[in-house]
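Structure file query-v3.pdb; described as PDB, C-alpha atoms.
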ATOM      1  CA  ALA A   1      -9.386  22.019  34.115  1.00  0.00           C
ATOM      2  CA  THR A   2     -11.236  22.611  30.843  1.00  0.00           C
ATOM      3  CA  SER A   3      -8.531  24.275  28.727  1.00  0.00           C
ATOM      4  CA  TYR A   4      -4.766  24.198  28.376  1.00  0.00           C
ATOM      5  CA  ARG A   5      -2.434  26.876  27.004  1.00  0.00           C
ATOM      6  CA  HIS A   6       1.341  26.599  26.832  1.00  0.00           C
ATOM      7  CA  THR A   7       2.781  29.545  28.765  1.00  0.00           C
ATOM      8  CA  ALA A   8       5.160  30.637  25.994  1.00  0.00           C
ATOM      9  CA  GLY A   9       8.279  29.041  27.432  1.00  0.00           C
ATOM     10  CA  THR A  10       8.361  31.098  30.618  1.00  0.00           C
ATOM     11  CA  ILE A  11       9.186  27.946  32.579  1.00  0.00           C
ATOM     12  CA  ARG A  12       9.977  25.349  29.874  1.00  0.00           C
ATOM     13  CA  ASP A  13       9.875  25.220  26.096  1.00  0.00           C
ATOM     14  CA  THR A  14       8.501  21.686  25.765  1.00  0.00           C
ATOM     15  CA  VAL A  15       5.555  20.344  27.720  1.00  0.00           C
ATOM     16  CA  THR A  16       4.587  16.682  27.634  1.00  0.00           C
ATOM     17  CA  PHE A  17       1.351  14.767  28.106  1.00  0.00           C
ATOM     18  CA  SER A  18       2.541  11.172  28.296  1.00  0.00           C
ATOM     19  CA  ALA A  19       1.373   7.741  29.431  1.00  0.00           C
ATOM     20  CA  SER A  20       3.752   4.792  29.245  1.00  0.00           C
ATOM     21  CA  GLY A  21       3.209   1.186  30.221  1.00  0.00           C
ATOM     22  CA  SER A  22       0.201  -1.107  30.392  1.00  0.00           C
ATOM     23  CA  GLY A  23      -2.429   0.202  32.811  1.00  0.00           C
ATOM     24  CA  SER A  24      -1.029   3.750  32.834  1.00  0.00           C
ATOM     25  CA  VAL A  25      -3.704   6.379  32.132  1.00  0.00           C
ATOM     26  CA  LEU A  26      -3.385  10.139  31.890  1.00  0.00           C
ATOM     27  CA  ASP A  27      -6.988  11.279  32.386  1.00  0.00           C
ATOM     28  CA  LEU A  28      -7.563  14.774  31.015  1.00  0.00           C
ATOM     29  CA  ARG A  29     -11.088  14.084  29.861  1.00  0.00           C
ATOM     30  CA  ASN A  30     -12.445  17.497  30.899  1.00  0.00           C
ATOM     31  CA  LEU A  31     -10.127  19.493  28.657  1.00  0.00           C
ATOM     32  CA  THR A  32     -11.900  20.950  25.620  1.00  0.00           C
ATOM     33  CA  SER A  33      -9.029  22.860  24.009  1.00  0.00           C
ATOM     34  CA  ILE A  34      -5.230  22.703  23.816  1.00  0.00           C
ATOM     35  CA  THR A  35      -3.200  25.669  22.519  1.00  0.00           C
ATOM     36  CA  ASN A  36       0.547  25.812  22.044  1.00  0.00           C
ATOM     37  CA  GLY A  37       2.582  28.825  23.137  1.00  0.00           C
ATOM     38  CA  ALA A  38       3.478  31.631  20.739  1.00  0.00           C
ATOM     39  CA  ALA A  39       7.178  32.009  21.641  1.00  0.00           C
ATOM     40  CA  ASP A  40      10.173  30.501  19.854  1.00  0.00           C
ATOM     41  CA  PHE A  41      10.741  26.770  20.510  1.00  0.00           C
ATOM     42  CA  ASP A  42       7.425  26.202  22.302  1.00  0.00           C
ATOM     43  CA  ALA A  43       6.263  22.614  21.878  1.00  0.00           C
ATOM     44  CA  ILE A  44       3.599  20.220  23.098  1.00  0.00           C
ATOM     45  CA  ALA A  45       4.248  16.474  22.868  1.00  0.00           C
ATOM     46  CA  ILE A  46       1.366  14.052  23.419  1.00  0.00           C
ATOM     47  CA  THR A  47       2.541  10.443  23.574  1.00  0.00           C
ATOM     48  CA  ALA A  48       1.151   7.035  24.474  1.00  0.00           C
ATOM     49  CA  SER A  49       3.614   4.139  24.494  1.00  0.00           C
ATOM     50  CA  THR A  50       3.889   0.475  25.507  1.00  0.00           C
ATOM     51  CA  GLY A  51       0.204   0.277  26.432  1.00  0.00           C
ATOM     52  CA  GLY A  52      -0.319   3.702  28.002  1.00  0.00           C
ATOM     53  CA  VAL A  53      -3.503   5.729  27.438  1.00  0.00           C
ATOM     54  CA  VAL A  54      -3.905   9.504  27.155  1.00  0.00           C
ATOM     55  CA  ASP A  55      -7.570  10.465  27.575  1.00  0.00           C
ATOM     56  CA  LEU A  56      -8.405  13.748  25.811  1.00  0.00           C
ATOM     57  CA  ARG A  57     -11.859  12.663  24.765  1.00  0.00           C
ATOM     58  CA  ASN A  58     -13.491  16.107  24.979  1.00  0.00           C
ATOM     59  CA  VAL A  59     -10.837  18.200  23.229  1.00  0.00           C
ATOM     60  CA  THR A  60     -12.400  19.726  20.121  1.00  0.00           C
ATOM     61  CA  GLN A  61      -9.589  22.099  19.088  1.00  0.00           C
ATOM     62  CA  LEU A  62      -5.842  21.513  18.948  1.00  0.00           C
ATOM     63  CA  VAL A  63      -4.147  24.774  17.910  1.00  0.00           C
ATOM     64  CA  ASP A  64      -0.621  26.035  17.303  1.00  0.00           C
ATOM     65  CA  PRO A  65      -0.597  29.840  16.747  1.00  0.00           C
ATOM     66  CA  ALA A  66       1.140  31.541  13.820  1.00  0.00           C
ATOM     67  CA  SER A  67       3.800  33.473  15.763  1.00  0.00           C
ATOM     68  CA  GLY A  68       7.221  32.313  16.975  1.00  0.00           C
ATOM     69  CA  ASN A  69       9.818  30.063  15.345  1.00  0.00           C
ATOM     70  CA  ASP A  70      10.760  26.376  15.649  1.00  0.00           C
ATOM     71  CA  ARG A  71       7.559  25.416  17.450  1.00  0.00           C
ATOM     72  CA  TYR A  72       5.680  22.170  17.058  1.00  0.00           C
ATOM     73  CA  LEU A  73       2.993  19.800  18.191  1.00  0.00           C
ATOM     74  CA  ASN A  74       3.819  16.101  18.256  1.00  0.00           C
ATOM     75  CA  ILE A  75       1.302  13.288  18.640  1.00  0.00           C
ATOM     76  CA  THR A  76       2.541   9.686  18.813  1.00  0.00           C
ATOM     77  CA  ALA A  77       0.892   6.384  19.759  1.00  0.00           C
ATOM     78  CA  ASP A  78       3.434   3.561  19.724  1.00  0.00           C
ATOM     79  CA  GLY A  79       2.901  -0.013  20.873  1.00  0.00           C
ATOM     80  CA  ALA A  80       0.085  -2.482  21.499  1.00  0.00           C
ATOM     81  CA  GLY A  81      -2.587  -1.049  23.808  1.00  0.00           C
ATOM     82  CA  SER A  82      -1.246   2.488  23.397  1.00  0.00           C
ATOM     83  CA  ARG A  83      -4.069   4.914  22.737  1.00  0.00           C
ATOM     84  CA  ILE A  84      -4.625   8.656  22.479  1.00  0.00           C
ATOM     85  CA  ASP A  85      -8.333   9.422  22.699  1.00  0.00           C
ATOM     86  CA  PHE A  86      -9.393  12.466  20.695  1.00  0.00           C
ATOM     87  CA  SER A  87     -13.036  11.397  20.400  1.00  0.00           C
ATOM     88  CA  ALA A  88     -14.342  14.971  19.992  1.00  0.00           C
ATOM     89  CA  LEU A  89     -11.483  16.542  18.018  1.00  0.00           C
ATOM     90  CA  THR A  90     -12.759  18.178  14.836  1.00  0.00           C
ATOM     91  CA  ASN A  91      -9.935  20.578  13.909  1.00  0.00           C
ATOM     92  CA  PHE A  92      -6.156  20.296  13.990  1.00  0.00           C
ATOM     93  CA  ASN A  93      -4.583  23.695  13.246  1.00  0.00           C
ATOM     94  CA  ASN A  94      -0.810  23.960  13.273  1.00  0.00           C
ATOM     95  CA  ALA A  95       0.504  27.218  11.827  1.00  0.00           C
ATOM     96  CA  ALA A  96       4.166  26.540  12.653  1.00  0.00           C
ATOM     97  CA  GLY A  97       5.171  23.954  10.072  1.00  0.00           C
ATOM     98  CA  ALA A  98       4.425  20.244  10.003  1.00  0.00           C
ATOM     99  CA  ALA A  99       3.458  18.595  13.289  1.00  0.00           C
ATOM    100  CA  PRO A 100       4.262  14.859  13.432  1.00  0.00           C
ATOM    101  CA  ILE A 101       1.259  12.565  13.872  1.00  0.00           C
ATOM    102  CA  ILE A 102       2.444   8.969  14.128  1.00  0.00           C
ATOM    103  CA  ALA A 103       0.543   5.753  14.897  1.00  0.00           C
ATOM    104  CA  ARG A 104       2.646   2.593  14.774  1.00  0.00           C
ATOM    105  CA  ASN A 105       3.193  -0.856  16.270  1.00  0.00           C
ATOM    106  CA  SER A 106      -0.556  -1.266  17.000  1.00  0.00           C
ATOM    107  CA  GLY A 107      -0.815   2.186  18.586  1.00  0.00           C
ATOM    108  CA  VAL A 108      -4.129   4.009  18.134  1.00  0.00           C
ATOM    109  CA  ILE A 109      -4.852   7.703  17.692  1.00  0.00           C
ATOM    110  CA  HIS A 110      -8.641   7.803  18.007  1.00  0.00           C
ATOM    111  CA  VAL A 111     -10.007  10.662  15.864  1.00  0.00           C
ATOM    112  CA  PRO A 112     -13.483   9.603  14.658  1.00  0.00           C
ATOM    113  CA  VAL A 113     -14.779  13.144  13.946  1.00  0.00           C
ATOM    114  CA  LEU A 114     -11.571  14.901  12.868  1.00  0.00           C
ATOM    115  CA  THR A 115     -12.440  16.493   9.517  1.00  0.00           C
ATOM    116  CA  ASN A 116      -9.920  19.319   9.051  1.00  0.00           C
ATOM    117  CA  LEU A 117      -6.134  19.230   9.399  1.00  0.00           C
ATOM    118  CA  GLU A 118      -3.592  21.957   8.705  1.00  0.00           C
ATOM    119  CA  GLY A 119       0.155  21.742   9.173  1.00  0.00           C
ATOM    120  CA  ALA A 120       0.396  18.052  10.016  1.00  0.00           C
ATOM    121  CA  ALA A 121       3.007  15.448   9.112  1.00  0.00           C
ATOM    122  CA  LEU A 122       1.030  12.206   9.153  1.00  0.00           C
ATOM    123  CA  VAL A 123       3.096   9.011   9.044  1.00  0.00           C
ATOM    124  CA  LEU A 124       1.400   5.618   8.764  1.00  0.00           C
ATOM    125  CA  ASN A 125       3.234   2.384   8.011  1.00  0.00           C
ATOM    126  CA  GLY A 126       0.282   0.020   8.261  1.00  0.00           C
ATOM    127  CA  SER A 127       0.976  -1.016  11.843  1.00  0.00           C
ATOM    128  CA  GLY A 128      -1.085   1.619  13.716  1.00  0.00           C
ATOM    129  CA  THR A 129      -4.584   3.116  13.577  1.00  0.00           C
ATOM    130  CA  PHE A 130      -5.624   6.617  12.550  1.00  0.00           C
ATOM    131  CA  SER A 131      -9.059   7.098  10.977  1.00  0.00           C
ATOM    132  CA  LEU A 132      -9.070   8.601   7.477  1.00  0.00           C
ATOM    133  CA  ASN A 133     -12.729   8.129   6.521  1.00  0.00           C
ATOM    134  CA  GLN A 134     -14.084  11.392   7.887  1.00  0.00           C
ATOM    135  CA  ILE A 135     -11.328  13.789   6.728  1.00  0.00           C
ATOM    136  CA  THR A 136     -12.484  16.395   4.188  1.00  0.00           C
ATOM    137  CA  THR A 137      -9.635  18.945   4.258  1.00  0.00           C
ATOM    138  CA  PHE A 138      -5.940  18.213   4.722  1.00  0.00           C
ATOM    139  CA  ILE A 139      -3.886  21.291   3.827  1.00  0.00           C
ATOM    140  CA  ASP A 140      -0.272  22.497   4.076  1.00  0.00           C
ATOM    141  CA  SER A 141       0.812  19.106   5.339  1.00  0.00           C
ATOM    142  CA  SER A 142       2.751  15.977   4.445  1.00  0.00           C
ATOM    143  CA  ILE A 143       1.323  12.462   4.332  1.00  0.00           C
ATOM    144  CA  THR A 144       3.716   9.507   4.242  1.00  0.00           C
ATOM    145  CA  LEU A 145       2.114   6.104   3.710  1.00  0.00           C
ATOM    146  CA  SER A 146       3.441   2.577   3.281  1.00  0.00           C
ATOM    147  CA  ASN A 147       2.662  -1.153   3.616  1.00  0.00           C
ATOM    148  CA  LEU A 148      -1.134  -0.946   3.200  1.00  0.00           C
ATOM    149  CA  ALA A 149      -4.027   0.160   0.996  1.00  0.00           C
ATOM    150  CA  TYR A 150      -5.318   3.521   2.264  1.00  0.00           C
ATOM    151  CA  VAL A 151      -8.582   5.262   1.377  1.00  0.00           C
ATOM    152  CA  PHE A 152      -9.524   8.895   1.984  1.00  0.00           C
ATOM    153  CA  PRO A 153     -13.163   8.592   0.854  1.00  0.00           C
ATOM    154  CA  ASN A 154     -14.218  12.171   1.691  1.00  0.00           C
ATOM    155  CA  LEU A 155     -11.051  14.220   1.165  1.00  0.00           C
ATOM    156  CA  THR A 156     -11.676  17.005  -1.369  1.00  0.00           C
ATOM    157  CA  ASN A 157      -8.993  19.625  -0.641  1.00  0.00           C
ATOM    158  CA  ALA A 158      -5.298  18.854  -0.129  1.00  0.00           C
ATOM    159  CA  ALA A 159      -3.861  22.236  -1.111  1.00  0.00           C
ATOM    160  CA  GLY A 160      -0.229  22.523  -0.063  1.00  0.00           C
ATOM    161  CA  THR A 161      -0.063  18.873   0.955  1.00  0.00           C
ATOM    162  CA  THR A 162       2.406  16.295  -0.322  1.00  0.00           C
ATOM    163  CA  PHE A 163       1.687  12.573  -0.553  1.00  0.00           C
ATOM    164  CA  GLY A 164       4.588  10.127  -0.357  1.00  0.00           C
ATOM    165  CA  VAL A 165       3.610   6.532  -1.093  1.00  0.00           C
ATOM    166  CA  SER A 166       6.173   3.743  -1.056  1.00  0.00           C
ATOM    167  CA  GLY A 167       6.099  -0.031  -1.488  1.00  0.00           C
ATOM    168  CA  VAL A 168       4.413  -2.516  -3.802  1.00  0.00           C
ATOM    169  CA  SER A 169       1.697  -3.177  -1.213  1.00  0.00           C
ATOM    170  CA  SER A 170       1.027   0.542  -0.754  1.00  0.00           C
ATOM    171  CA  SER A 171      -1.839   2.273  -2.519  1.00  0.00           C
ATOM    172  CA  VAL A 172      -3.858   5.414  -1.842  1.00  0.00           C
ATOM    173  CA  SER A 173      -7.369   6.056  -3.122  1.00  0.00           C
ATOM    174  CA  LEU A 174      -8.526   9.694  -3.226  1.00  0.00           C
ATOM    175  CA  PRO A 175     -11.880   9.387  -5.038  1.00  0.00           C
ATOM    176  CA  LEU A 176     -13.180  12.913  -4.291  1.00  0.00           C
ATOM    177  CA  LEU A 177      -9.952  14.937  -4.260  1.00  0.00           C
ATOM    178  CA  THR A 178     -10.282  17.950  -6.559  1.00  0.00           C
ATOM    179  CA  SER A 179      -7.499  20.318  -5.402  1.00  0.00           C
ATOM    180  CA  LEU A 180      -3.792  19.708  -4.897  1.00  0.00           C
ATOM    181  CA  VAL A 181      -2.670  23.320  -5.425  1.00  0.00           C
ATOM    182  CA  ASN A 182       0.976  23.734  -4.336  1.00  0.00           C
ATOM    183  CA  GLY A 183       1.042  20.141  -3.140  1.00  0.00           C
ATOM    184  CA  GLY A 184       2.595  17.061  -4.655  1.00  0.00           C
ATOM    185  CA  ILE A 185       2.661  13.304  -5.134  1.00  0.00           C
ATOM    186  CA  ALA A 186       5.772  11.122  -4.975  1.00  0.00           C
ATOM    187  CA  LEU A 187       5.516   7.411  -5.783  1.00  0.00           C
ATOM    188  CA  THR A 188       8.416   5.050  -5.114  1.00  0.00           C
ATOM    189  CA  SER A 189       9.076   1.307  -4.903  1.00  0.00           C
ATOM    190  CA  GLY A 190       5.728   0.399  -6.461  1.00  0.00           C
ATOM    191  CA  GLY A 191       3.435   2.700  -4.481  1.00  0.00           C
ATOM    192  CA  THR A 192       0.332   3.934  -6.339  1.00  0.00           C
ATOM    193  CA  VAL A 193      -2.247   6.718  -6.038  1.00  0.00           C
ATOM    194  CA  SER A 194      -5.700   7.059  -7.637  1.00  0.00           C
ATOM    195  CA  VAL A 195      -7.003  10.618  -8.207  1.00  0.00           C
ATOM    196  CA  PRO A 196      -9.937  10.332 -10.663  1.00  0.00           C
ATOM    197  CA  MET A 197     -11.469  13.733  -9.774  1.00  0.00           C
ATOM    198  CA  LEU A 198      -8.299  15.802  -9.364  1.00  0.00           C
ATOM    199  CA  ALA A 199      -8.454  18.887 -11.586  1.00  0.00           C
ATOM    200  CA  ASN A 200      -6.632  21.771  -9.891  1.00  0.00           C
ATOM    201  CA  ILE A 201      -2.923  20.980  -9.810  1.00  0.00           C
ATOM    202  CA  ASP A 202      -1.416  24.465 -10.105  1.00  0.00           C
ATOM    203  CA  GLY A 203       1.960  24.653  -8.378  1.00  0.00           C
ATOM    204  CA  ALA A 204       2.000  20.938  -7.590  1.00  0.00           C
ATOM    205  CA  TYR A 205       4.803  18.505  -8.359  1.00  0.00           C
ATOM    206  CA  PHE A 206       4.632  14.858  -9.430  1.00  0.00           C
ATOM    207  CA  THR A 207       7.362  12.206  -9.333  1.00  0.00           C
ATOM    208  CA  VAL A 208       6.850   8.581 -10.331  1.00  0.00           C
ATOM    209  CA  ALA A 209       9.435   5.796 -10.116  1.00  0.00           C
ATOM    210  CA  ASP A 210       9.878   2.038 -10.285  1.00  0.00           C
ATOM    211  CA  GLY A 211       7.403   1.118 -13.002  1.00  0.00           C
ATOM    212  CA  VAL A 212       4.088   2.581 -11.826  1.00  0.00           C
ATOM    213  CA  THR A 213       1.650   4.956 -13.523  1.00  0.00           C
ATOM    214  CA  LEU A 214       0.032   8.080 -12.094  1.00  0.00           C
ATOM    215  CA  SER A 215      -2.936   9.331 -14.103  1.00  0.00           C
ATOM    216  CA  VAL A 216      -4.606  12.737 -13.584  1.00  0.00           C
ATOM    217  CA  PRO A 217      -7.374  12.598 -16.211  1.00  0.00           C
ATOM    218  CA  LEU A 218      -9.348  15.733 -15.263  1.00  0.00           C
ATOM    219  CA  ALA A 219      -6.419  18.164 -15.148  1.00  0.00           C
ATOM    220  CA  THR A 220      -6.538  20.308 -18.305  1.00  0.00           C
ATOM    221  CA  SER A 221      -4.186  23.164 -17.378  1.00  0.00           C
ATOM    222  CA  TYR A 222      -1.198  23.849 -15.171  1.00  0.00           C
ATOM    223  CA  ARG A 223       0.147  27.132 -13.810  1.00  0.00           C
ATOM    224  CA  HIS A 224       3.266  27.525 -11.704  1.00  0.00           C
ATOM    225  CA  THR A 225       2.216  29.512  -8.633  1.00  0.00           C
ATOM    226  CA  ALA A 226       5.107  32.010  -8.838  1.00  0.00           C
ATOM    227  CA  GLY A 227       7.311  30.355  -6.253  1.00  0.00           C
ATOM    228  CA  THR A 228       4.953  30.942  -3.361  1.00  0.00           C
ATOM    229  CA  ILE A 229       5.773  27.437  -2.096  1.00  0.00           C
ATOM    230  CA  ARG A 230       8.714  26.341  -4.265  1.00  0.00           C
ATOM    231  CA  ASP A 231      10.640  27.912  -7.148  1.00  0.00           C
ATOM    232  CA  THR A 232      11.112  24.701  -9.114  1.00  0.00           C
ATOM    233  CA  VAL A 233       8.361  22.184  -9.786  1.00  0.00           C
ATOM    234  CA  THR A 234       9.074  18.725 -11.137  1.00  0.00           C
ATOM    235  CA  PHE A 235       7.175  16.374 -13.415  1.00  0.00           C
ATOM    236  CA  SER A 236       9.306  13.265 -13.296  1.00  0.00           C
TER     237      SER A 236
END

What does the file become when written as C-alpha cells?
Amino acid sequence: ATSYRHTAGTIRDTVTFSASGSGSVLDLRNLTSITNGAADFDAIAITASTGGVVDLRNVTQLVDPASGNDRYLNITADGAGSRIDFSALTNFNNAAGAAPIIARNSGVIHVPVLTNLEGAALVLNGSGTFSLNQITTFIDSSITLSNLAYVFPNLTNAAGTTFGVSGVSSSVSLPLLTSLVNGGIALTSGGTVSVPMLANIDGAYFTVADGVTLSVPLATSYRHTAGTIRDTVTFS
C-alpha cells in the first residue's frame, strides 16, 4: 500500500493507526500520503503510547479536505519510547478546524522536514519531542507551550494562529516572524514571547498577565479585519 484515504464513514467514522507497548511496531513505511474522508465526523487518529512505534517514514502529505463537519486528525505520542515517524512529511493540511498534535511524557513525533502546517493544535509541555527548527509557515492553528524555552528560528508566517504561553520557565522566541494577521498571543503565569520582526498584526489579539512584557517594536499600524475571524479583538 502506498496511499491511504478514509472512505467517508461508509463503514466507520474514526479510523486508528495505533501502536501501544514496548516492542510494538505498526509498519506502514510504504505509504506516501494519508487523506481523511470528506463526510461529517470522519476522523483519523495516529497514536503511539507506552513505547509503541508507528512507522510512516515515507508519508509526505497529511491532508484533511475542506468538506464535511466535525472532522479531525489527531496525532499523539505519549510515553517513553513512543514514536511516530514522519521522516518525509513536509506538509500538514487540515481544513476542518484544529487537529491535535501532542508529544508528551518523552514521546516523539519525528518531523525533521515538516515546514508547513495548517489547522493544527500543537501542544507541548516540555516533556515530549516535536521539531520546530524547520517550520516556516504555521497558519490557522493554535500553539500551546509550557515548561520550556522554545525557538521557532525559521517561522515567518503565523497568520490565523494563536500562541498560548504559560509558566515562568516558558519562553518562545520567534526571531523571523513577520505576520500574525488574525492570530494572537496570550501570556500567563510568567510566560514570555519575543517577536522582534513582527510587523503585520491586523486582526490579532494580545493579552498579557502576571507581570510580563510583550513588545512588538515594528508594528506601526493596526486594522481590525472586519470580523472575518472574530468580532471583538482585545489588547489587554

**Item:** Residues matched by the PyMOL selection byres ((chain A and resi 19-21) around 9) as an MDAnalysis selection string
**Value:** chainID A and resid 17:18 22:26 46:54 81:82

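Here CA of Thr90 in chain A stands at a distance of 6.5 Å from CA of Asn116 in chain A.
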
**Asked** Between A:Asn91, A:Thr144, A:Thr234, A:Asn36, which is the closest to Glu118 in chain A once you count only C-alpha atoms?
**Response**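 The closest residue to Glu118 in chain A is A:Asn91.
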
**Message:** Ranking A:Val195, A:Ile201, A:Val233, A:Leu73 by minimum distance to Thr213 in chain A and counting only C-alpha atoms, which one comes first?
**Reply:**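 Comparing A:Val195, A:Ile201, A:Val233, A:Leu73 against Thr213 in chain A, the winner is A:Val195.
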
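The coordinates place CA of Leu28 in chain A at 26.2 Å from CA of Asp40 in chain A.
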
**Prompt:** Pick from A:Tyr150, A:Ser131, A:Pro112, A:Gly37: nearest to Ala96 in chain A, with all atoms listed in the file counted?
**Reply:**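 Of A:Tyr150, A:Ser131, A:Pro112, A:Gly37, the one nearest Ala96 in chain A is A:Gly37, counting all atoms listed in the file.
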
**Prompt:** If we count all atoms listed in the file, what is near Ile75 in chain A at a cut-off of 12 Å, once residues fewer than 4 positions away on the same chain are taken out, given as an MDAnalysis selection string?
**Reply:** chainID A and resid 16:18 43:49 54 62 83:86 92 98:104 107:111 120:123 130

Leu31 in chain A: which residues within 9 Å, counting all atoms listed in the file, same-chain residues fewer than 4 positions away excluded, as a PDB file with C-alpha atoms, in the frame of the given file?
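After the write, result_14.pdb holds the following:
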ATOM      1  CA  ALA A   1      -9.386  22.019  34.115  1.00  0.00           C
ATOM      2  CA  THR A   2     -11.236  22.611  30.843  1.00  0.00           C
ATOM      3  CA  SER A   3      -8.531  24.275  28.727  1.00  0.00           C
ATOM      4  CA  TYR A   4      -4.766  24.198  28.376  1.00  0.00           C
ATOM      5  CA  LEU A  56      -8.405  13.748  25.811  1.00  0.00           C
ATOM      6  CA  ARG A  57     -11.859  12.663  24.765  1.00  0.00           C
ATOM      7  CA  ASN A  58     -13.491  16.107  24.979  1.00  0.00           C
ATOM      8  CA  VAL A  59     -10.837  18.200  23.229  1.00  0.00           C
ATOM      9  CA  THR A  60     -12.400  19.726  20.121  1.00  0.00           C
TER      10      THR A  60
END

**Item:** Å distance separating CA of Thr232 in chain A from CA of Ser141 in chain A, one decimal place
**Value:** 18.6 Å

Tell me which residues the PyMOL selection byres ((chain A and resi 140) around 7) grabs here, as a short mmCIF file (atom, residue, chain, number, x, y, z; two decimals) with C-alpha atoms, in the frame of the given file.
data_model
loop_
_atom_site.label_atom_id
_atom_site.label_comp_id
_atom_site.auth_asym_id
_atom_site.auth_seq_id
_atom_site.Cartn_x
_atom_site.Cartn_y
_atom_site.Cartn_z
CA GLU A 118 -3.59 21.96 8.70
CA GLY A 119 0.16 21.74 9.17
CA ILE A 139 -3.89 21.29 3.83
CA SER A 141 0.81 19.11 5.34
CA ALA A 159 -3.86 22.24 -1.11
CA GLY A 160 -0.23 22.52 -0.06
CA THR A 161 -0.06 18.87 0.96
#

**Prompt:** Pick the closest to Leu180 in chain A from A:Phe152, A:Phe206, A:Phe235, A:Tyr72: which is it, counting only C-alpha atoms?
**Reply:**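 Closest candidate: A:Phe206.
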
**Message:** Show me, as a ChimeraX atom specification, the residues that have an atom within 12 Å of Ser221 in chain A when counting only C-alpha atoms, minus same-chain residues fewer than 6 positions from it.
**Reply:** /A:198-204

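Checking A:Asp78, A:Asp231, A:Asp210, A:Asp55 one by one against Asp27 in chain A, counting only C-alpha atoms, you find the shortest gap at A:Asp55.
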
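The closest residue to Ala149 in chain A, picked from A:Gly191, A:Pro196, A:Gly211, A:Pro65 and counting all atoms listed in the file, is A:Gly191.
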
**Item:** Target residues per the PyMOL selection byres ((chain A and resi 157) around 8), formatted as a PyMOL selection string
**Value:** chain A and resi 136-139+155-156+158-159+177-180
